[in-house]
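Participant: This structure is in structure tokens; I'll ask about it shortly.
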Amino acid sequence: MSLFTRPHQQPDRTEGGAEPDDDTGAPEFRPEKNADTADRDGTPEAAPDRDAAPTPRGASRDDTGTSGRDDDSDAAHGSDDSDAAHGSDETDAAHGSDESDAAAPGGGTDGAEPQDGPVPAGPQHDPAVASPQHDPAAAGPQGTTGGAREPQGVAQAAEPHGGPRAAEPQSLPGTAEPDSGPAPAKTQDTTVTAAPLSAAHREGGPPQPAAENTPGPAASAVRPGWFGWRRRYPRAARGVSVGTSVLAGALVVFALLVPNRIERIELASFVRIPAEGVLLAGLLLALPARPRRITAVVTGAFLGLITILKFVDMGFYQVLARPFDLVLDWILIEHATDFLRETFGRTGQVLAVIGVIVLFVAVLALTTLAVVRLTNLMVRHRPVAARTTLILGTAWITCMTLGVQLGTVPIATKGNAEFIGNRVEQVRAGLKDARVFERQAAVDAFAKTPPDRLLTGLRGKDVLFTFIESYGRVAIDDPAMAEQTDAVLKEGTGRLKAAGFESRSGWLRSPVTGAGSWLAHSTFLSGLWIKNQQRYRSLTTSDRMTLTKYFGRTGAWRTVGIVPGVRRAWPEGKFFGLDHIYDSEHLGYHGPYFSWTPVPDQFSLEAFQRLEHGKENREPIMAEIILASSHNPWSPLARMIDWEDLGDGSVFHRIKKEGTDPAEVWKDPEKVRAEYRKAIEYSIRSLTEWMERYGDEDTVLVFLGDHQPVPTVTAGDTGKDVPVTIVAHDEKVLDRVADWGWSDGLKPAPDAPRWGMDKFRDRFMTAYGPRG
């Protein structure tokens, strides 16, 4: 059987050799070849039926099922005449088109819709019935003669915007063939559509019927797309394909090279050679098909997770100046959503959460799809991909060996491997940290000290431990803020001195920066380094004695807390040993919030005076006071007013309207820094004026910052130092800390002693104990 002859295959044969139709069983005309027409593989072919109509030399094999020996096979030789071989848009069958009549069940007619029913037996199987395709009278008006035209295939595709086209007549050899003019009217079709041979039949095996509507190689290479748009717009489809591949490559390169800190993002960061990308490309090229697909999907998802983690790190570095801790920081997500609600309202919180979820899903899906697409592209162009991978690998080794850099950025990088390695170590340290902290918390130098020997140097004094939110060293040392802050501190020192108070100042190193005030408060009061939420929970569920507990243990002080930043249940408050806690709902404030800040500092201090300090015939007080007006975002800000005008706080409604819009302020880092400075000045003035107004010879004030502000304000300064000051009217109080070496006044000198915040508790209790 020749490759040039493709008889229509049917499942069964009749005794006479004719094949029954699919539904009717009627014999079907089967043209055959001469014996001398041998198959290309050497298989002899049957002699032609004498009664069959002669096959025209110029006719397509798809029309007659035969082809002359001297005719070239388009499919076999890849001739330009073969539309299917070249993926031509004119041959719908090659593209798996539903519009291809040749592949329709039951055969088809040129330009006609496929018939669903049985093929009727009739004139189309009778060789005596002349086909209009072979009628010389069907020649066009020009009447020209010559060779046969190029084969057009079995069926003519339907016009995109119209009905089926009329079949073009085929001419016998030597007869005229129309070049133009209207197509003749279609009559009863007498041609037989031949089904394509199976691969086994072409190789000499027994004939097998080919599946209908099965696309060939060209069909698998060109997918029709939605509604067949790829066939109708091939150039646009090609552009979309190339553009999608370019975007996929750009996304993968971005994910591999993007740093996890915003300040490190620059153009040079994205022209590096990532070792992980080179190794991954080599691995994907080497794997078999199925493992390669699985590896591409897993790698794409993993790369998406790393990218998301880098984005989270960016946020943590912007606020806390450290990366996200995979073990200990999940609780901070809840705190972040609370901050959004309190700053931007419920709507802002919901929109932000939805945006984060959408970003998470999009990054995960897009990186996976991008890696899969690039993998398929490399496999289709394996030689080029292999050479490129080899070149990049060689370039990476060379640049790494020679230390080649673009500015300060090394060309060869293994940043993702280092990133993952650091996270693995972080997880290990986090898992071990609980045992380390348990051993540290078991040591307390004052645990066995009798109550009557605790804090003897402060008996009869009102001791106030006051935290100023975000009051960091940057407010004093930064050139852009130093002049104004220095003026406020000098003014406060002078006014306090005039009222009979002296002060000493130094530096403490906070465990946190940017945020996490409760961790700093716990470190200061417990004498333990509370650097994460896991330690905080372990502390607040333990029996560790804090500075406030020791005051209460003596029985010589009433312990209270002024915590305007607390606006809901705070069960940890019991751990600190406070007799009474005044949160934002119990200070008598009826004014507005100032972004995150529920109560302005001046009003909080006035409320403390009204509720506790100003009472007559009271016992000494030890108070923990938290001033929150200098909390991020520092817009809008309260301002100092006459103490007599504070009332219930309603006056602050007008002041808030006069303030700035945080959305506008945070567009400019310089404006943020300016507003931060003003907030610190407001807090310091509130405290010093209260001390000047209500303090007496038995008042002892210890005030400090809890942590540095966010990196937007610190401008890259990674230090964690905060000022700490002791103010007292009684000189004996300050004499007990004379050996500390602290500076005179409210401003610590640059070279003043610098301690860890966890060291303060024991040093303070030692200084004011029996041996102090």
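Chain labels A, B, ... are given in the sequence in which chains occur in the structure tokens; within each chain residues are numbered consecutively from 1, and ligands are likewise numbered from 1 in the order shown.
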Quick one: residues within 12 Å of A:Arg292, only C-alpha atoms, excluding same-chain residues fewer than 3 positions away - as a list in words?
Facilitator: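 That gives Leu280, Ala281, Gly282, Leu283, Leu284, Leu285, Ala286, Leu287, Pro288, Ala289, Thr295, Ala296, Val297, Val298, Thr299, Gly300, Val371, Val372, Arg373, Leu374, Thr375, Asn376, Met378 and Val379 of chain A.
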Participant: What lies within 8 Å of A:Pro259 using only C-alpha atoms, ignoring chain neighbours under 4 positions off, as a VMD selection string?
Facilitator: chain A and resid 264 to 265 269 310
Participant: Which residues are near A:Ser635? Cut-off 9 Å, only C-alpha atoms, ignore same chain within fewer than 5 positions. Put them as a PyMOL selection string.
Facilitator: chain A and resi 594-595+659-663+665+672+675-676+679
Participant: Name all residues at most 6 Å from A:Asp583 (count only C-alpha atoms; drop same-chain ones fewer than 4 positions away) and give them as an NGL selection string.
Facilitator: :A and (563-564 or 566)
Participant: Mind checking which residues fall within 10 Å of stretch 685-701 of chain A, counting only C-alpha atoms, ignoring those fewer than 4 positions away in the same chain, and posting them as an MDAnalysis selection string?
Facilitator: chainID A and resid 458:466 468 488:489 491:493 495:501 503 600:606 609 613:614 620:623 627 639:641 643 679:681 725:731 733:734 746
Participant: For stretch 425-441 of chain A, please output as a PyMOL selection string all residues within 12 Å (counting only C-alpha atoms; exclusion window: fewer than 4 positions along the same chain).
Facilitator: chain A and resi 323-329+418-421+445+447+523+526-546+758
Participant: Would you mind exporting the chosen residues as a compact mmCIF listing (two decimals), in the first residue's frame, restricted to N, CA, C and O atoms?
Facilitator:
```
# COMPACT_ATOMS: atom_id res chain seq x y z
N PRO A 323 14.15 41.11 60.38
CA PRO A 323 13.31 40.25 59.53
C PRO A 323 12.21 39.56 60.32
O PRO A 323 12.22 39.54 61.56
N PHE A 324 11.28 39.02 59.60
CA PHE A 324 10.17 38.28 60.19
C PHE A 324 10.68 36.96 60.78
O PHE A 324 11.46 36.25 60.15
N ASP A 325 10.25 36.64 61.99
CA ASP A 325 10.64 35.40 62.65
C ASP A 325 9.56 34.36 62.40
O ASP A 325 8.41 34.53 62.83
N LEU A 326 9.92 33.29 61.69
CA LEU A 326 8.95 32.27 61.30
C LEU A 326 8.38 31.50 62.49
O LEU A 326 7.33 30.86 62.36
N VAL A 327 9.03 31.56 63.62
CA VAL A 327 8.56 30.83 64.80
C VAL A 327 7.81 31.74 65.76
O VAL A 327 6.77 31.35 66.30
N LEU A 328 8.28 32.95 65.95
CA LEU A 328 7.83 33.77 67.08
C LEU A 328 6.96 34.96 66.72
O LEU A 328 6.40 35.60 67.62
N ASP A 329 6.85 35.32 65.44
CA ASP A 329 6.23 36.60 65.09
C ASP A 329 4.81 36.51 64.57
O ASP A 329 4.25 37.53 64.16
N GLU A 418 21.63 31.70 50.87
CA GLU A 418 21.96 32.31 52.16
C GLU A 418 20.69 32.73 52.90
O GLU A 418 20.60 32.59 54.13
N PHE A 419 19.71 33.24 52.17
CA PHE A 419 18.44 33.64 52.77
C PHE A 419 17.77 32.45 53.45
O PHE A 419 17.31 32.53 54.59
N ILE A 420 17.72 31.33 52.75
CA ILE A 420 17.09 30.14 53.31
C ILE A 420 17.92 29.60 54.47
O ILE A 420 17.37 29.18 55.50
N GLY A 421 19.24 29.63 54.33
CA GLY A 421 20.09 29.16 55.42
C GLY A 421 19.90 29.97 56.69
O GLY A 421 19.84 29.41 57.80
N ALA A 445 18.19 37.69 91.85
CA ALA A 445 19.02 38.02 93.02
C ALA A 445 18.21 38.48 94.20
O ALA A 445 18.69 38.44 95.35
N ALA A 447 14.94 37.41 94.93
CA ALA A 447 13.78 36.56 95.18
C ALA A 447 13.63 36.22 96.66
O ALA A 447 12.51 36.07 97.16
N THR A 523 10.91 44.04 79.61
CA THR A 523 12.35 43.93 79.85
C THR A 523 12.78 44.84 80.98
O THR A 523 13.53 44.44 81.88
N SER A 526 11.14 43.49 84.40
CA SER A 526 11.42 42.12 84.85
C SER A 526 12.91 41.84 85.02
O SER A 526 13.27 40.87 85.71
N GLY A 527 13.77 42.61 84.37
CA GLY A 527 15.18 42.32 84.42
C GLY A 527 15.59 41.17 83.53
O GLY A 527 16.68 40.62 83.67
N LEU A 528 14.73 40.79 82.59
CA LEU A 528 15.02 39.73 81.62
C LEU A 528 14.93 40.32 80.22
O LEU A 528 14.18 41.28 79.97
N TRP A 529 15.69 39.73 79.29
CA TRP A 529 15.73 40.24 77.92
C TRP A 529 14.53 39.67 77.16
O TRP A 529 14.57 38.57 76.64
N ILE A 530 13.46 40.45 77.06
CA ILE A 530 12.23 40.01 76.40
C ILE A 530 12.26 40.53 74.96
O ILE A 530 11.81 41.64 74.68
N LYS A 531 12.79 39.71 74.07
CA LYS A 531 13.01 40.16 72.70
C LYS A 531 11.97 39.64 71.71
O LYS A 531 11.97 40.05 70.55
N ASN A 532 11.08 38.76 72.15
CA ASN A 532 10.07 38.24 71.23
C ASN A 532 8.81 37.86 72.00
O ASN A 532 8.78 37.85 73.24
N GLN A 533 7.78 37.54 71.24
CA GLN A 533 6.48 37.26 71.85
C GLN A 533 6.48 35.97 72.65
O GLN A 533 5.77 35.85 73.65
N GLN A 534 7.27 35.01 72.23
CA GLN A 534 7.34 33.76 72.98
C GLN A 534 7.88 33.99 74.38
O GLN A 534 7.35 33.46 75.37
N ARG A 535 8.91 34.82 74.51
CA ARG A 535 9.44 35.14 75.83
C ARG A 535 8.43 35.95 76.65
O ARG A 535 8.31 35.77 77.86
N TYR A 536 7.72 36.83 75.97
CA TYR A 536 6.72 37.63 76.69
C TYR A 536 5.64 36.74 77.29
O TYR A 536 5.24 36.91 78.45
N ARG A 537 5.17 35.77 76.51
CA ARG A 537 4.15 34.87 77.02
C ARG A 537 4.69 34.00 78.16
O ARG A 537 4.00 33.74 79.15
N SER A 538 5.93 33.54 77.99
CA SER A 538 6.54 32.74 79.06
C SER A 538 6.68 33.56 80.33
O SER A 538 6.45 33.06 81.44
N LEU A 539 7.05 34.84 80.19
CA LEU A 539 7.21 35.70 81.36
C LEU A 539 5.89 35.94 82.05
O LEU A 539 5.77 35.78 83.28
N THR A 540 4.87 36.32 81.28
CA THR A 540 3.60 36.71 81.89
C THR A 540 2.81 35.53 82.43
O THR A 540 1.78 35.73 83.08
N THR A 541 3.26 34.33 82.16
CA THR A 541 2.62 33.14 82.75
C THR A 541 3.49 32.51 83.84
O THR A 541 3.21 31.40 84.30
N SER A 542 4.56 33.22 84.22
CA SER A 542 5.47 32.71 85.25
C SER A 542 5.27 33.46 86.55
O SER A 542 4.41 34.35 86.66
N ASP A 543 6.07 33.12 87.56
CA ASP A 543 6.01 33.82 88.85
C ASP A 543 7.19 34.77 89.02
O ASP A 543 7.56 35.12 90.15
N ARG A 544 7.78 35.20 87.92
CA ARG A 544 8.91 36.11 87.97
C ARG A 544 8.51 37.42 88.65
O ARG A 544 7.46 38.01 88.35
N MET A 545 9.35 37.90 89.54
CA MET A 545 9.09 39.15 90.25
C MET A 545 9.55 40.33 89.40
O MET A 545 10.69 40.36 88.92
N THR A 546 8.66 41.28 89.17
CA THR A 546 8.99 42.49 88.44
C THR A 546 9.23 43.64 89.42
O THR A 546 8.97 43.52 90.63
N ASP A 758 17.59 45.36 80.36
CA ASP A 758 17.32 44.32 81.34
C ASP A 758 18.19 44.45 82.59
O ASP A 758 17.93 43.77 83.60
```
Participant: For A:Tyr582, which residue out of A:Ile655, A:Leu392, A:Leu547, A:Ala607 is the nearest one, using only C-alpha atoms?
Facilitator: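 Nearest candidate to A:Tyr582 out of A:Ile655, A:Leu392, A:Leu547, A:Ala607: A:Ala607.
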Participant: With only C-alpha atoms as the counted atoms, please give the residues lying no more than 12 Å from A:Gly393, apart from itself and same-chain residues fewer than 4 positions off, as a list in words.
Facilitator: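 The residues that qualify are Ile273, Pro274, Ala275, Glu276, Gly277, Val278, Leu279, Leu280, Ala281, Gly282, Ala386, Arg387, Thr388, Thr389, Ile397, Thr398, Cys399, Met400, Ala412 and Thr413 of chain A.
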Participant: With distances taken over only C-alpha atoms, which of A:Trp596, A:Phe652, A:Trp518, A:Phe703 is nearest to A:Leu332?
Facilitator: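 Checking each of A:Trp596, A:Phe652, A:Trp518, A:Phe703 against A:Leu332, counting only C-alpha atoms, the winner is A:Trp518.
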Participant: Once DSSP has gone over the backbone, tell me which residues of stretch 623-762 of chain A are in helix (DSSP H, G or I), as an MDAnalysis selection string.
Facilitator: chainID A and resid 643:645 652:658 662:665 669:694 711:714 731:735 738:740 757:762
Participant: Mind the document's chain letters and residue numbers, and return as a PDB file with N, CA and C atoms, in the first residue's frame the residues of stretch 451-577 of chain A that DSSP labels strand (DSSP E or B).
Facilitator:
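out_16.pdb, freshly written:
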```
ATOM      1  N   ASP A 462       6.693  59.011  96.264  1.00  0.00           N
ATOM      2  CA  ASP A 462       5.872  58.630  95.112  1.00  0.00           C
ATOM      3  C   ASP A 462       6.831  58.368  93.948  1.00  0.00           C
ATOM      4  N   VAL A 463       6.858  57.143  93.483  1.00  0.00           N
ATOM      5  CA  VAL A 463       7.800  56.763  92.425  1.00  0.00           C
ATOM      6  C   VAL A 463       7.005  56.522  91.140  1.00  0.00           C
ATOM      7  N   LEU A 464       7.327  57.244  90.092  1.00  0.00           N
ATOM      8  CA  LEU A 464       6.614  57.173  88.819  1.00  0.00           C
ATOM      9  C   LEU A 464       7.571  56.680  87.731  1.00  0.00           C
ATOM     10  N   PHE A 465       7.287  55.497  87.190  1.00  0.00           N
ATOM     11  CA  PHE A 465       8.035  54.980  86.044  1.00  0.00           C
ATOM     12  C   PHE A 465       7.222  55.301  84.782  1.00  0.00           C
ATOM     13  N   THR A 466       7.758  56.186  83.976  1.00  0.00           N
ATOM     14  CA  THR A 466       7.004  56.708  82.828  1.00  0.00           C
ATOM     15  C   THR A 466       7.731  56.386  81.522  1.00  0.00           C
ATOM     16  N   PHE A 467       7.004  55.762  80.601  1.00  0.00           N
ATOM     17  CA  PHE A 467       7.537  55.427  79.277  1.00  0.00           C
ATOM     18  C   PHE A 467       7.011  56.418  78.248  1.00  0.00           C
ATOM     19  N   ILE A 468       7.928  57.006  77.484  1.00  0.00           N
ATOM     20  CA  ILE A 468       7.544  57.868  76.362  1.00  0.00           C
ATOM     21  C   ILE A 468       7.691  57.043  75.085  1.00  0.00           C
ATOM     22  N   GLU A 502      16.302  68.148  90.571  1.00  0.00           N
ATOM     23  CA  GLU A 502      17.531  67.830  89.855  1.00  0.00           C
ATOM     24  C   GLU A 502      17.310  66.558  89.032  1.00  0.00           C
ATOM     25  N   SER A 503      18.164  66.370  88.040  1.00  0.00           N
ATOM     26  CA  SER A 503      17.971  65.218  87.149  1.00  0.00           C
ATOM     27  C   SER A 503      19.314  64.648  86.702  1.00  0.00           C
ATOM     28  N   ARG A 504      19.314  63.334  86.404  1.00  0.00           N
ATOM     29  CA  ARG A 504      20.478  62.638  85.862  1.00  0.00           C
ATOM     30  C   ARG A 504      19.990  61.768  84.695  1.00  0.00           C
ATOM     31  N   SER A 505      20.833  61.688  83.648  1.00  0.00           N
ATOM     32  CA  SER A 505      20.405  60.975  82.438  1.00  0.00           C
ATOM     33  C   SER A 505      21.497  60.052  81.911  1.00  0.00           C
ATOM     34  N   GLY A 506      21.073  58.962  81.306  1.00  0.00           N
ATOM     35  CA  GLY A 506      21.980  58.008  80.674  1.00  0.00           C
ATOM     36  C   GLY A 506      21.294  57.332  79.486  1.00  0.00           C
ATOM     37  N   TRP A 507      21.853  56.195  79.069  1.00  0.00           N
ATOM     38  CA  TRP A 507      21.322  55.464  77.911  1.00  0.00           C
ATOM     39  C   TRP A 507      21.003  54.020  78.310  1.00  0.00           C
ATOM     40  N   LEU A 508      19.928  53.500  77.747  1.00  0.00           N
ATOM     41  CA  LEU A 508      19.586  52.083  77.852  1.00  0.00           C
ATOM     42  C   LEU A 508      19.430  51.516  76.442  1.00  0.00           C
ATOM     43  N   ARG A 509      19.769  50.262  76.314  1.00  0.00           N
ATOM     44  CA  ARG A 509      19.617  49.590  75.012  1.00  0.00           C
ATOM     45  C   ARG A 509      18.359  48.733  75.047  1.00  0.00           C
ATOM     46  N   THR A 513      13.122  47.690  68.313  1.00  0.00           N
ATOM     47  CA  THR A 513      13.150  49.000  67.671  1.00  0.00           C
ATOM     48  C   THR A 513      11.979  49.104  66.711  1.00  0.00           C
ATOM     49  N   ARG A 558       0.974  51.857  97.124  1.00  0.00           N
ATOM     50  CA  ARG A 558      -0.161  51.459  96.288  1.00  0.00           C
ATOM     51  C   ARG A 558       0.338  51.498  94.852  1.00  0.00           C
ATOM     52  N   THR A 559       0.132  50.432  94.117  1.00  0.00           N
ATOM     53  CA  THR A 559       0.649  50.346  92.746  1.00  0.00           C
ATOM     54  C   THR A 559      -0.504  50.527  91.758  1.00  0.00           C
ATOM     55  N   VAL A 560      -0.328  51.444  90.826  1.00  0.00           N
ATOM     56  CA  VAL A 560      -1.363  51.725  89.814  1.00  0.00           C
ATOM     57  C   VAL A 560      -0.721  51.809  88.437  1.00  0.00           C
ATOM     58  N   GLY A 561      -1.537  51.636  87.448  1.00  0.00           N
ATOM     59  CA  GLY A 561      -1.083  51.747  86.069  1.00  0.00           C
ATOM     60  C   GLY A 561      -1.935  52.707  85.285  1.00  0.00           C
ATOM     61  N   ILE A 562      -1.314  53.640  84.567  1.00  0.00           N
ATOM     62  CA  ILE A 562      -1.999  54.552  83.645  1.00  0.00           C
ATOM     63  C   ILE A 562      -1.597  54.114  82.245  1.00  0.00           C
ATOM     64  N   VAL A 563      -2.498  53.387  81.580  1.00  0.00           N
ATOM     65  CA  VAL A 563      -2.147  52.769  80.287  1.00  0.00           C
ATOM     66  C   VAL A 563      -3.197  53.163  79.240  1.00  0.00           C
TER      67      VAL A 563
END
```
